[in-house]
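Asker: Would you mind keeping the following structure in view while I ask a few things?
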Amino acid sequence: MFAYLVRRVIGAVVLLFIVTAVTFSIFFMVPKLGGATADDLASRYVGKSAGVEQIHETAVRLGFTDPLYVQYGRFVKGLFVGQEYNYGPATEHCPAPCFGYSFLTQQPVWPDLVDRIPVTASLALGAAVIWLLAGVGTGVVSALKRGSFLDRSLMSVALAGVSLPIFFTGLLSLSIFSYGLGWTAQGGTNPMDASSPWEWAYDLLLPWITLAFLYAAAYARLTRAGMLETMNEDFVRTARAKGLTERTVVVEHGLRSALTPILTIFGLDLGLLLGGAILTETTFSLPGIGQYAVIALRANDLPKVLGVTLVAAFFIVVANLVVDLLYAVVDPRVRIS
Amino acid sequence: MTEPQDLVTPQDTVQRIERGEAFLDVRDLKVHFPTDDGVVKSVDGISFRLERGKTLGIVGESGSGKSVTSLSIMGLHKAGTARISGEVFLDGQDLISASREEVRKLRGKRMAMIFQDPLSAMHPFYTVGHQIIEAYQVHNDVSKQVARKHAVAMLDRVGIPQPDKRVDAYPHQFSGGMRQRAMIAMALSCDPDLLIADEPTTALDVTVQAQILDLIRDLQREFNSAVIIITHDLGVVAELADDIQVMYAGRAIEYSTAEDIFDRPQHPYTWGLLGSMPRIDRERSDRLIPIKGTPPSLINVPPGCPFNPRCNYAHLNGGLSETERPELLDIGNGHQVACHLTPELRKQSWETDIKPKL
Amino acid sequence: MRWNRITTATAVSAAVALSLAACGGNDNSGSGSGSGSGDTAKAEYNSAVTGTYNPSDKKGGTLRMAITEKWDSTDPGDTYYGLSWNLVRNYVRPLMVFKSAPGKQGAEVVPDLAEAAGVPSDDAKTWTYKIRKGVKYEDGTEVTSKDVKYAVARSLDKATLPNGPTYFNDFLLDVPKGYSVYKDKSLAGVAKAIETPDDQTIVFHLNKSFSGFDYFAQLPATAPVPQAKDTGSKYQLHPIATGPYKFESHDPNKGLTLIRNDQYDPASDPNSGRKALPDKITVAYNVNGADIDNRLQAGDLDVDIAGTGVLAETQAKILGNPQLKANADNVPAPRLNFTVFNGEVKPLDNINCRKAILYAADHEGYQRAYGGPVGGDIATNMMPPLVTGAVKFDDYGFEADKNGNVDKAKEALTACGMPTGFSTNIAYRADRPKEKAVAESLQQSLKRVGINLTPKGFPTGDYTKLYAGKPDYAKANSLGLIVYSWGADWPDGFGFLSQIVDSRVIRATGGNTNLGVRIPEVDTLIDQALKETDKAAREKIWVDVDKKVMEQAAVLPGIWAKGLLYRPTTLSNVFVSDSQNMYDYASIGVAQK
């Protein structure tokens, strides 16, 4: 077990390096293949009136004139031992893990990420709770009442949920519930500024529900299919034959098995979301990792892009690992073999 | 007051018999499943009785309705999917008309069931002990510790070594035979009066099969339960069953004591089953005489005797086999058979054609 | 400066600045903006363009602003965005400032930190300013001329502060290459360029005569920065305030909050016209564009600080609803959306073939591509009417034949020797749907006379650097027509025209803003204008440049751009000035009940 864990962690670290190396290469190699020089690259990060010399100076400052492997090495070194950064009047030490400084705002990336992770985490975890409860609940009810009017209505709603994009449902719900009825917080409210847990939840309520709707719909369909399958399993029949109450049969025997594959998907979904719920954060103007990714990409701000990529990849890798470990906890057959 | 009419119709018979006369009394049980293609008549009028301490073997090919019969007794069909009629009295209580909750409370406590494949029939995520404890606790208001002790004792009783350790093992960690023993321990945990074993040995090795059957017999004696063994293999019930009911296409086609069925079988289908029975004392090559053809569709049961397309003797009945369904009739000493052949022909064919080949 | 910095990214030559200076006293600006006469408290379409909407002097409230991204920087020495130059007047005081007043009055440069306009000497190579006494930083320290010297000097370091304009780098005397105050704490490197004989006096020495230095003195970079408090690239987090507001908080990812600066004394600020009405100003960065428009209409937000207009879908909604339209302003900008003919691609080297395109083009179609009349007026020549001294003329009858004149186009084609037409490519920025629509509109209208265009989209970021703006690429790939857009730093003939028509600014290495206009007479006229000191005469020369370009049929003018701004009723004292071309953030207030 311990050896397995060590192997997985090493694998994860290697993967993260590959991810950053690929991001790095795409950023530099693609323009290079298009014939861009170091100065061409740097011209994105100067004011509009910059002359050739200034552009070159910027290229030097940002290190574009060094070979690619040197630049990458610097980035990796920053991650482990930090790096020195000259902000004008003095040099400051950016302690490890140093993700570098934004090419555009010249602010260190790591504090930004640290600042934004709680927002995304609040959004993702809250939505996850809602969609798990709503999705699984709906799926179970639908499966048990298979073919009924209730089942068909719930599944129609679920189909709508899966099909509707979040920037549509998000803006629609904002204009109805926030600007129209005034029940919920308006877009752009930072939940981390809330003074109480109640206010925090109030700020996030609409994004939660909107995001959860999308996932709940998918989970309802998955749960329904899983329940229909497991409720026909022999062990469910055995459970009934033992005289267990229907509730125990459905929840402890049927759902327990049906949830196992959902757990895998849930872990990955959550991991992906923790790396930034791009559409939701943009729609509701939430200052999370996803919004940061959009800002970074739009501005071609490599240190930010790398930071976001690493954070997202980290969460996905961790989610994968946790799912695998959880799987062993849930399913004893995996544990032993 | 006039004298009561004597056995005029089966309905009268039913009415005449007092409830609880036999411990398990199944009367004209029908289980029909409506589907888009038509009504599947899985069980189409079955009656039998069983006393405590006795064993009934229900034998037939797959699709003959034997498993459906047992599931109906247990009340395990899903609400709305099956149309069930007839009566099933367990110790005087009609299970068919009882509420689902009443039947649930009986399940596991007064009647228990052992399933064919113990691997799929036990929940893979829970320990064997948990599953036994769960079965015990649902019917007995005891603490977990007490239930656990009971589970260990049950595992011990069914011959599982180191039961105090194995109680915490998962089903997949058991061998096939051990799993079936655990299954039996689970079924017997509440000391049921009726035990239904549905193909209890089919998934097991031949050597293990014998051990499991021995175990069931021992436990039956010890607990004095009524046992129904459902199997496609007459060999399984040969030494275990007191009575045997042979089923075909949802109905009983022969019913008698085990001795009668093995020594004086009356129905050509029973002969076929006997021919297909593996026997340890014969060479493999000549002991298996399969029944030709396949079991009939339960939606479109062949007219006349449902067995006629597969029967080597159907032509001897002057067309009756293809047009009229034979009734299950008592031919003496409680031996019932549903066949158009004359008793003479049956006896002659058995003695000359079949018996020598077995 | 007012728009996308990438589109106009280029070095501003000394000549540009010379001419900028020349537009010093543009009192008689050609702008259509009104004066105080159009003031109204009732919301009407264009209320804030024709006058002041809801005039008020009442202080109080919180002004809530938002923007979809974030502009370059809040550091006054490191910013080049129009909205930023507009906002920065709230928290710092440069030597001079554009007056906060409606219409053409707003194009006037007035003393701010300085007591009066600059005093030139030595043939306008030396400029002396006296700064006011009693102006204090937010911490109570008094501002001295040394702080202004330091502020200008630090802005020269384009490696640390890369965003701002380079006028001072180009004009100050003997500034070492790659100069950085951070490597020269004693400011020895700028000793010859800037002198501070006493705490109240600052003297700038230039490397050439420059009569319009007051324009430079209004750059935010002249706002004082105390050397001890300078934190280089981090200074944007909290610039030390001298204006009526100071930074309460600032997160470059989320937004900023300005609160009243209790050290600001209105008595020391008699000329700028600053009203400083709200008690607090908040700006949220990175707010979803559709959300901004919705919140403006719902009254949950007061200003889209970008000032470039609402989204296309919101625009349609506003124009279709009289109630919403009454709360909107169609604000003209000194910007031309046009299509350049690349003379290096045959047969566009022939003037008659170029004229054929001018005649055949559907001008209304061009306008439609930008959303119809609300997106701008059909341009009949280059200089937008808003530009000082501009004269409108229509040599090709665009207004008479709004959808083109096929007969005249065919005549021109015959004269060109291509009576059946020809084929070429049209380049546009692929991620700009409006420019794509232009290419498609031209493709259709030119097809009527047999001119077949093949649209070619290129990424915006590299449009001028690698593709349309790189002469050898454009020639090799037969980019005969190039869709483009141009806006000036401020409304002045030279600043508007020179970068797009002077053939000498075309660089073989790419990154050009002149995408193919090569007319020797135009180059000569520009040189004349640079030397001309008389304002009226100079303005006439720029009109001549415009006329020459049109006579040579070197470009197809499309529209003079306008933006549709939404003006929530939560606001007071709203107006647009000729210097800002958006709501004036130094005077805007929150309606008080």
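Ligands are numbered from 1 in the order shown, chains are lettered A, B, ... in the order of the structure tokens, and residues start at 1 in each chain.
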With 7 Å as the limit and counting only C-alpha atoms, what residues in chain A lie close to chain B? Please list them as a list in words.
Answerer: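 Using only C-alpha atoms, chain A residues at most 7 Å from chain B: Asp234, Phe235, Thr238, Ala241, Lys242, Gly243, Leu244, Val330, Asp331, Pro332 and Arg333 of chain A.
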Asker: Store the residues picked out above, limited to all heavy atoms, as an mmCIF file, in the first residue's frame.
Answerer:
```cif
data_model
loop_
_atom_site.group_PDB
_atom_site.id
_atom_site.type_symbol
_atom_site.label_atom_id
_atom_site.label_comp_id
_atom_site.auth_asym_id
_atom_site.auth_seq_id
_atom_site.Cartn_x
_atom_site.Cartn_y
_atom_site.Cartn_z
ATOM 1 N N ASP A 234 -27.980 -9.896 -8.062
ATOM 2 C CA ASP A 234 -28.347 -10.988 -7.159
ATOM 3 C C ASP A 234 -28.265 -10.575 -5.697
ATOM 4 O O ASP A 234 -29.075 -10.973 -4.876
ATOM 5 C CB ASP A 234 -27.406 -12.193 -7.385
ATOM 6 C CG ASP A 234 -27.759 -12.923 -8.669
ATOM 7 O OD1 ASP A 234 -28.762 -12.524 -9.300
ATOM 8 O OD2 ASP A 234 -27.044 -13.857 -9.027
ATOM 9 N N PHE A 235 -27.248 -9.773 -5.373
ATOM 10 C CA PHE A 235 -27.082 -9.461 -3.949
ATOM 11 C C PHE A 235 -28.202 -8.575 -3.418
ATOM 12 O O PHE A 235 -28.477 -8.581 -2.228
ATOM 13 C CB PHE A 235 -25.692 -8.871 -3.644
ATOM 14 C CG PHE A 235 -25.319 -7.643 -4.418
ATOM 15 C CD1 PHE A 235 -25.877 -6.411 -4.107
ATOM 16 C CD2 PHE A 235 -24.374 -7.710 -5.428
ATOM 17 C CE1 PHE A 235 -25.514 -5.290 -4.801
ATOM 18 C CE2 PHE A 235 -24.011 -6.581 -6.122
ATOM 19 C CZ PHE A 235 -24.580 -5.371 -5.822
ATOM 20 N N THR A 238 -30.782 -11.020 -2.565
ATOM 21 C CA THR A 238 -30.410 -11.638 -1.289
ATOM 22 C C THR A 238 -30.790 -10.739 -0.123
ATOM 23 O O THR A 238 -31.335 -11.201 0.881
ATOM 24 C CB THR A 238 -28.889 -11.902 -1.246
ATOM 25 O OG1 THR A 238 -28.529 -12.602 -2.419
ATOM 26 C CG2 THR A 238 -28.518 -12.686 -0.015
ATOM 27 N N ALA A 241 -34.269 -11.024 0.443
ATOM 28 C CA ALA A 241 -34.606 -12.339 0.982
ATOM 29 C C ALA A 241 -34.316 -12.409 2.473
ATOM 30 O O ALA A 241 -34.914 -13.188 3.197
ATOM 31 C CB ALA A 241 -33.833 -13.422 0.236
ATOM 32 N N LYS A 242 -33.379 -11.581 2.924
ATOM 33 C CA LYS A 242 -33.055 -11.574 4.351
ATOM 34 C C LYS A 242 -34.129 -10.849 5.148
ATOM 35 O O LYS A 242 -34.106 -10.863 6.365
ATOM 36 C CB LYS A 242 -31.714 -10.855 4.578
ATOM 37 C CG LYS A 242 -30.524 -11.673 4.139
ATOM 38 C CD LYS A 242 -29.225 -11.155 4.724
ATOM 39 C CE LYS A 242 -28.679 -9.994 3.933
ATOM 40 N NZ LYS A 242 -27.300 -9.660 4.349
ATOM 41 N N GLY A 243 -35.020 -10.163 4.440
ATOM 42 C CA GLY A 243 -36.087 -9.455 5.134
ATOM 43 C C GLY A 243 -35.706 -8.043 5.515
ATOM 44 O O GLY A 243 -36.360 -7.416 6.340
ATOM 45 N N LEU A 244 -34.649 -7.507 4.886
ATOM 46 C CA LEU A 244 -34.269 -6.131 5.182
ATOM 47 C C LEU A 244 -35.364 -5.197 4.674
ATOM 48 O O LEU A 244 -36.063 -5.505 3.710
ATOM 49 C CB LEU A 244 -32.951 -5.793 4.487
ATOM 50 C CG LEU A 244 -31.753 -6.642 4.882
ATOM 51 C CD1 LEU A 244 -30.516 -6.188 4.119
ATOM 52 C CD2 LEU A 244 -31.500 -6.547 6.375
ATOM 53 N N VAL A 330 -13.878 1.841 -0.688
ATOM 54 C CA VAL A 330 -15.266 1.496 -0.959
ATOM 55 C C VAL A 330 -15.396 0.050 -1.418
ATOM 56 O O VAL A 330 -16.273 -0.677 -0.970
ATOM 57 C CB VAL A 330 -15.823 2.458 -2.034
ATOM 58 C CG1 VAL A 330 -17.176 1.982 -2.496
ATOM 59 C CG2 VAL A 330 -15.908 3.853 -1.476
ATOM 60 N N ASP A 331 -14.514 -0.342 -2.319
ATOM 61 C CA ASP A 331 -14.638 -1.675 -2.887
ATOM 62 C C ASP A 331 -13.491 -2.552 -2.390
ATOM 63 O O ASP A 331 -12.362 -2.433 -2.851
ATOM 64 C CB ASP A 331 -14.607 -1.605 -4.409
ATOM 65 C CG ASP A 331 -14.959 -2.947 -5.035
ATOM 66 O OD1 ASP A 331 -14.907 -3.969 -4.315
ATOM 67 O OD2 ASP A 331 -15.285 -2.975 -6.231
ATOM 68 N N PRO A 332 -13.784 -3.461 -1.422
ATOM 69 C CA PRO A 332 -12.711 -4.257 -0.828
ATOM 70 C C PRO A 332 -12.007 -5.154 -1.842
ATOM 71 O O PRO A 332 -10.868 -5.552 -1.627
ATOM 72 C CB PRO A 332 -13.443 -5.086 0.231
ATOM 73 C CG PRO A 332 -14.881 -5.027 -0.133
ATOM 74 C CD PRO A 332 -15.083 -3.743 -0.849
ATOM 75 N N ARG A 333 -12.670 -5.436 -2.956
ATOM 76 C CA ARG A 333 -12.030 -6.309 -3.943
ATOM 77 C C ARG A 333 -10.801 -5.637 -4.544
ATOM 78 O O ARG A 333 -9.821 -6.277 -4.876
ATOM 79 C CB ARG A 333 -13.022 -6.653 -5.065
ATOM 80 C CG ARG A 333 -14.101 -7.594 -4.600
ATOM 81 C CD ARG A 333 -15.148 -7.754 -5.656
ATOM 82 N NE ARG A 333 -15.812 -6.483 -5.923
ATOM 83 C CZ ARG A 333 -16.847 -6.363 -6.737
ATOM 84 N NH1 ARG A 333 -17.319 -7.423 -7.383
ATOM 85 N NH2 ARG A 333 -17.408 -5.207 -6.926
#
```
Asker: For chain C, list the residues within 8 Å of chain A, counting only C-alpha atoms, and write the list as a count of residues only.
Answerer: 44
Asker: Could you find all residues in range 103-249 of chain C that DSSP calls strand (DSSP E) from the backbone, and write them as a list in words?
Answerer: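 Restricting range 103-249 of chain C to strand (DSSP E) produces Val109, Val110, Pro111, Val119, Pro120, Ser121, Thr126, Trp127, Thr128, Tyr129, Lys130, Ile194, Glu195, Thr201, Ile202, Val203, Phe204, His205, Tyr245, Lys246, Phe247, Glu248 and Ser249 of chain C.
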Asker: Between CA of Ala312 in chain A and CA of Gly73 in chain A, measure the distance and give it in Å to one decimal.
Answerer: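 Separating CA of Ala312 in chain A from CA of Gly73 in chain A is a distance of 21.1 Å.
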Asker: Just want the 9 Å neighbourhood of Arg251 in chain B, counted on only C-alpha atoms, with same-chain residues fewer than 6 positions away dropped. Output as a ChimeraX atom specification.
Answerer: /B:42-46,64-65
Asker: Give me the residues within 10 Å of range 297-307 of chain B as a PDB file with C-alpha atoms, in the first residue's frame, counting only C-alpha atoms and dropping any in the same chain fewer than 2 places off.
Answerer:
```
ATOM      1  CA  HIS B  32     -47.827 -14.320 -14.981  1.00  0.00           C
ATOM      2  CA  PHE B  33     -45.671 -11.546 -16.343  1.00  0.00           C
ATOM      3  CA  PRO B  34     -47.335  -9.206 -18.798  1.00  0.00           C
ATOM      4  CA  THR B  35     -44.838  -8.082 -21.438  1.00  0.00           C
ATOM      5  CA  ASP B  37     -44.923  -9.575 -26.582  1.00  0.00           C
ATOM      6  CA  GLY B  38     -47.631 -11.206 -24.520  1.00  0.00           C
ATOM      7  CA  VAL B  39     -48.189 -12.731 -21.120  1.00  0.00           C
ATOM      8  CA  VAL B  40     -45.354 -14.934 -19.912  1.00  0.00           C
ATOM      9  CA  LYS B  41     -46.975 -17.698 -17.899  1.00  0.00           C
ATOM     10  CA  SER B  42     -43.951 -18.614 -15.820  1.00  0.00           C
ATOM     11  CA  VAL B  43     -45.964 -20.554 -13.288  1.00  0.00           C
ATOM     12  CA  ASP B  44     -49.378 -21.676 -14.377  1.00  0.00           C
ATOM     13  CA  GLY B  63     -37.471 -21.704 -17.686  1.00  0.00           C
ATOM     14  CA  SER B  64     -39.729 -24.374 -16.307  1.00  0.00           C
ATOM     15  CA  GLY B  65     -40.913 -22.032 -13.555  1.00  0.00           C
ATOM     16  CA  TYR B 248     -42.317 -28.354 -17.276  1.00  0.00           C
ATOM     17  CA  ALA B 249     -43.502 -25.132 -18.912  1.00  0.00           C
ATOM     18  CA  GLY B 250     -44.859 -23.659 -15.709  1.00  0.00           C
ATOM     19  CA  ARG B 251     -46.737 -26.694 -14.503  1.00  0.00           C
ATOM     20  CA  ILE B 253     -46.026 -32.849 -14.805  1.00  0.00           C
ATOM     21  CA  PRO B 268     -41.335 -39.290 -20.572  1.00  0.00           C
ATOM     22  CA  TYR B 269     -39.852 -35.971 -19.502  1.00  0.00           C
ATOM     23  CA  THR B 294     -35.317 -26.871 -26.348  1.00  0.00           C
ATOM     24  CA  PRO B 295     -37.737 -25.797 -23.647  1.00  0.00           C
ATOM     25  CA  PRO B 309     -42.681 -31.564 -29.684  1.00  0.00           C
ATOM     26  CA  ARG B 310     -39.864 -33.185 -27.743  1.00  0.00           C
ATOM     27  CA  CYS B 311     -41.601 -36.368 -26.713  1.00  0.00           C
ATOM     28  CA  ASN B 312     -40.654 -39.680 -28.374  1.00  0.00           C
ATOM     29  CA  ALA B 314     -46.383 -38.321 -28.474  1.00  0.00           C
ATOM     30  CA  GLY B 319     -53.292 -36.874 -31.863  1.00  0.00           C
ATOM     31  CA  LEU B 320     -54.393 -36.206 -28.302  1.00  0.00           C
ATOM     32  CA  SER B 321     -50.905 -34.975 -27.391  1.00  0.00           C
ATOM     33  CA  GLU B 322     -51.135 -32.104 -29.864  1.00  0.00           C
ATOM     34  CA  THR B 323     -54.643 -30.976 -28.955  1.00  0.00           C
ATOM     35  CA  GLU B 324     -55.434 -31.581 -25.323  1.00  0.00           C
ATOM     36  CA  ARG B 325     -53.369 -30.628 -22.323  1.00  0.00           C
ATOM     37  CA  PRO B 326     -53.156 -33.619 -19.980  1.00  0.00           C
ATOM     38  CA  GLU B 327     -54.346 -33.103 -16.411  1.00  0.00           C
ATOM     39  CA  ALA B 338     -49.807 -35.434 -16.443  1.00  0.00           C
ATOM     40  CA  CYS B 339     -49.475 -37.655 -19.477  1.00  0.00           C
ATOM     41  CA  HIS B 340     -51.794 -38.993 -22.178  1.00  0.00           C
TER      42      HIS B 340
END
```
Asker: Give me, as a PyMOL selection string, the residues of range 87-224 of chain B that a backbone DSSP run labels helix (DSSP H, G or I).
Answerer: chain B and resi 100-106+118-121+128-139+144-157+163-166+171-173+176-187+206-223
Asker: Write to file, as a PDB file, in the first residue's frame, the residues of the selection just made, with C-alpha atoms.
Answerer:
```
ATOM      1  CA  ARG B 100     -45.608  -6.581   1.567  1.00  0.00           C
ATOM      2  CA  GLU B 101     -44.494  -5.499   5.008  1.00  0.00           C
ATOM      3  CA  GLU B 102     -45.886  -8.630   6.636  1.00  0.00           C
ATOM      4  CA  VAL B 103     -44.143 -10.803   4.106  1.00  0.00           C
ATOM      5  CA  ARG B 104     -40.922  -8.874   4.593  1.00  0.00           C
ATOM      6  CA  LYS B 105     -40.993  -9.611   8.291  1.00  0.00           C
ATOM      7  CA  LEU B 106     -41.395 -13.285   7.545  1.00  0.00           C
ATOM      8  CA  PRO B 118     -22.961 -17.232  -3.787  1.00  0.00           C
ATOM      9  CA  LEU B 119     -20.425 -14.852  -5.297  1.00  0.00           C
ATOM     10  CA  SER B 120     -22.984 -12.654  -6.970  1.00  0.00           C
ATOM     11  CA  ALA B 121     -25.574 -13.266  -4.296  1.00  0.00           C
ATOM     12  CA  VAL B 128     -19.474 -11.982   5.395  1.00  0.00           C
ATOM     13  CA  GLY B 129     -19.974 -11.283   9.060  1.00  0.00           C
ATOM     14  CA  HIS B 130     -21.676  -7.984   8.375  1.00  0.00           C
ATOM     15  CA  GLN B 131     -24.111  -9.651   6.049  1.00  0.00           C
ATOM     16  CA  ILE B 132     -24.984 -12.310   8.590  1.00  0.00           C
ATOM     17  CA  ILE B 133     -25.222  -9.809  11.416  1.00  0.00           C
ATOM     18  CA  GLU B 134     -27.465  -7.638   9.295  1.00  0.00           C
ATOM     19  CA  ALA B 135     -29.772 -10.582   8.617  1.00  0.00           C
ATOM     20  CA  TYR B 136     -29.876 -11.481  12.297  1.00  0.00           C
ATOM     21  CA  GLN B 137     -30.365  -7.983  13.610  1.00  0.00           C
ATOM     22  CA  VAL B 138     -33.239  -7.126  11.344  1.00  0.00           C
ATOM     23  CA  HIS B 139     -35.341  -9.812  13.009  1.00  0.00           C
ATOM     24  CA  LYS B 144     -24.087  -5.808  17.486  1.00  0.00           C
ATOM     25  CA  GLN B 145     -21.828  -7.809  19.792  1.00  0.00           C
ATOM     26  CA  VAL B 146     -24.458 -10.428  20.364  1.00  0.00           C
ATOM     27  CA  ALA B 147     -25.249 -10.591  16.690  1.00  0.00           C
ATOM     28  CA  ARG B 148     -21.595 -10.949  15.891  1.00  0.00           C
ATOM     29  CA  LYS B 149     -21.189 -13.801  18.338  1.00  0.00           C
ATOM     30  CA  HIS B 150     -24.152 -15.425  16.718  1.00  0.00           C
ATOM     31  CA  ALA B 151     -22.621 -14.949  13.292  1.00  0.00           C
ATOM     32  CA  VAL B 152     -19.386 -16.569  14.413  1.00  0.00           C
ATOM     33  CA  ALA B 153     -21.350 -19.458  15.880  1.00  0.00           C
ATOM     34  CA  MET B 154     -23.278 -19.859  12.646  1.00  0.00           C
ATOM     35  CA  LEU B 155     -20.098 -19.852  10.578  1.00  0.00           C
ATOM     36  CA  ASP B 156     -18.675 -22.400  12.924  1.00  0.00           C
ATOM     37  CA  ARG B 157     -21.803 -24.509  12.600  1.00  0.00           C
ATOM     38  CA  PRO B 163     -14.899 -18.499  12.139  1.00  0.00           C
ATOM     39  CA  ASP B 164     -13.883 -15.698  14.497  1.00  0.00           C
ATOM     40  CA  LYS B 165     -11.368 -14.561  11.911  1.00  0.00           C
ATOM     41  CA  ARG B 166     -13.291 -15.374   8.773  1.00  0.00           C
ATOM     42  CA  PRO B 171     -17.018 -12.834   0.091  1.00  0.00           C
ATOM     43  CA  HIS B 172     -14.361 -12.720  -2.620  1.00  0.00           C
ATOM     44  CA  GLN B 173     -11.799 -13.940  -0.109  1.00  0.00           C
ATOM     45  CA  GLY B 176     -16.793 -21.181  -3.731  1.00  0.00           C
ATOM     46  CA  GLY B 177     -17.742 -23.861  -1.225  1.00  0.00           C
ATOM     47  CA  MET B 178     -16.965 -21.620   1.713  1.00  0.00           C
ATOM     48  CA  ARG B 179     -19.096 -18.904   0.244  1.00  0.00           C
ATOM     49  CA  GLN B 180     -22.011 -21.250  -0.089  1.00  0.00           C
ATOM     50  CA  ARG B 181     -21.500 -22.355   3.518  1.00  0.00           C
ATOM     51  CA  ALA B 182     -21.522 -18.712   4.540  1.00  0.00           C
ATOM     52  CA  MET B 183     -24.658 -18.205   2.499  1.00  0.00           C
ATOM     53  CA  ILE B 184     -26.267 -21.093   4.340  1.00  0.00           C
ATOM     54  CA  ALA B 185     -25.137 -19.680   7.659  1.00  0.00           C
ATOM     55  CA  MET B 186     -26.759 -16.408   6.689  1.00  0.00           C
ATOM     56  CA  ALA B 187     -29.985 -18.105   5.636  1.00  0.00           C
ATOM     57  CA  VAL B 206     -18.548 -31.910  -7.715  1.00  0.00           C
ATOM     58  CA  THR B 207     -16.754 -32.777  -4.492  1.00  0.00           C
ATOM     59  CA  VAL B 208     -17.884 -29.616  -2.807  1.00  0.00           C
ATOM     60  CA  GLN B 209     -21.399 -30.211  -4.051  1.00  0.00           C
ATOM     61  CA  ALA B 210     -21.665 -33.344  -1.940  1.00  0.00           C
ATOM     62  CA  GLN B 211     -20.375 -31.556   1.156  1.00  0.00           C
ATOM     63  CA  ILE B 212     -22.895 -28.770   0.777  1.00  0.00           C
ATOM     64  CA  LEU B 213     -25.743 -31.209   0.285  1.00  0.00           C
ATOM     65  CA  ASP B 214     -24.630 -33.129   3.366  1.00  0.00           C
ATOM     66  CA  LEU B 215     -24.561 -29.879   5.277  1.00  0.00           C
ATOM     67  CA  ILE B 216     -28.052 -28.965   4.232  1.00  0.00           C
ATOM     68  CA  ARG B 217     -29.315 -32.387   5.249  1.00  0.00           C
ATOM     69  CA  ASP B 218     -27.586 -32.198   8.626  1.00  0.00           C
ATOM     70  CA  LEU B 219     -28.867 -28.758   9.317  1.00  0.00           C
ATOM     71  CA  GLN B 220     -32.357 -29.703   8.302  1.00  0.00           C
ATOM     72  CA  ARG B 221     -32.332 -32.478  10.833  1.00  0.00           C
ATOM     73  CA  GLU B 222     -30.946 -30.204  13.467  1.00  0.00           C
ATOM     74  CA  PHE B 223     -33.374 -27.349  12.884  1.00  0.00           C
TER      75      PHE B 223
END
```
Asker: Compile the contact shell of Val26 in chain B as an MDAnalysis selection string: residues with an atom at most 12 Å away, counting only C-alpha atoms, same-chain residues fewer than 4 positions apart removed.
Answerer: chainID B and resid 14 17 19:22 30 45:51 69:70 72:73 85:96
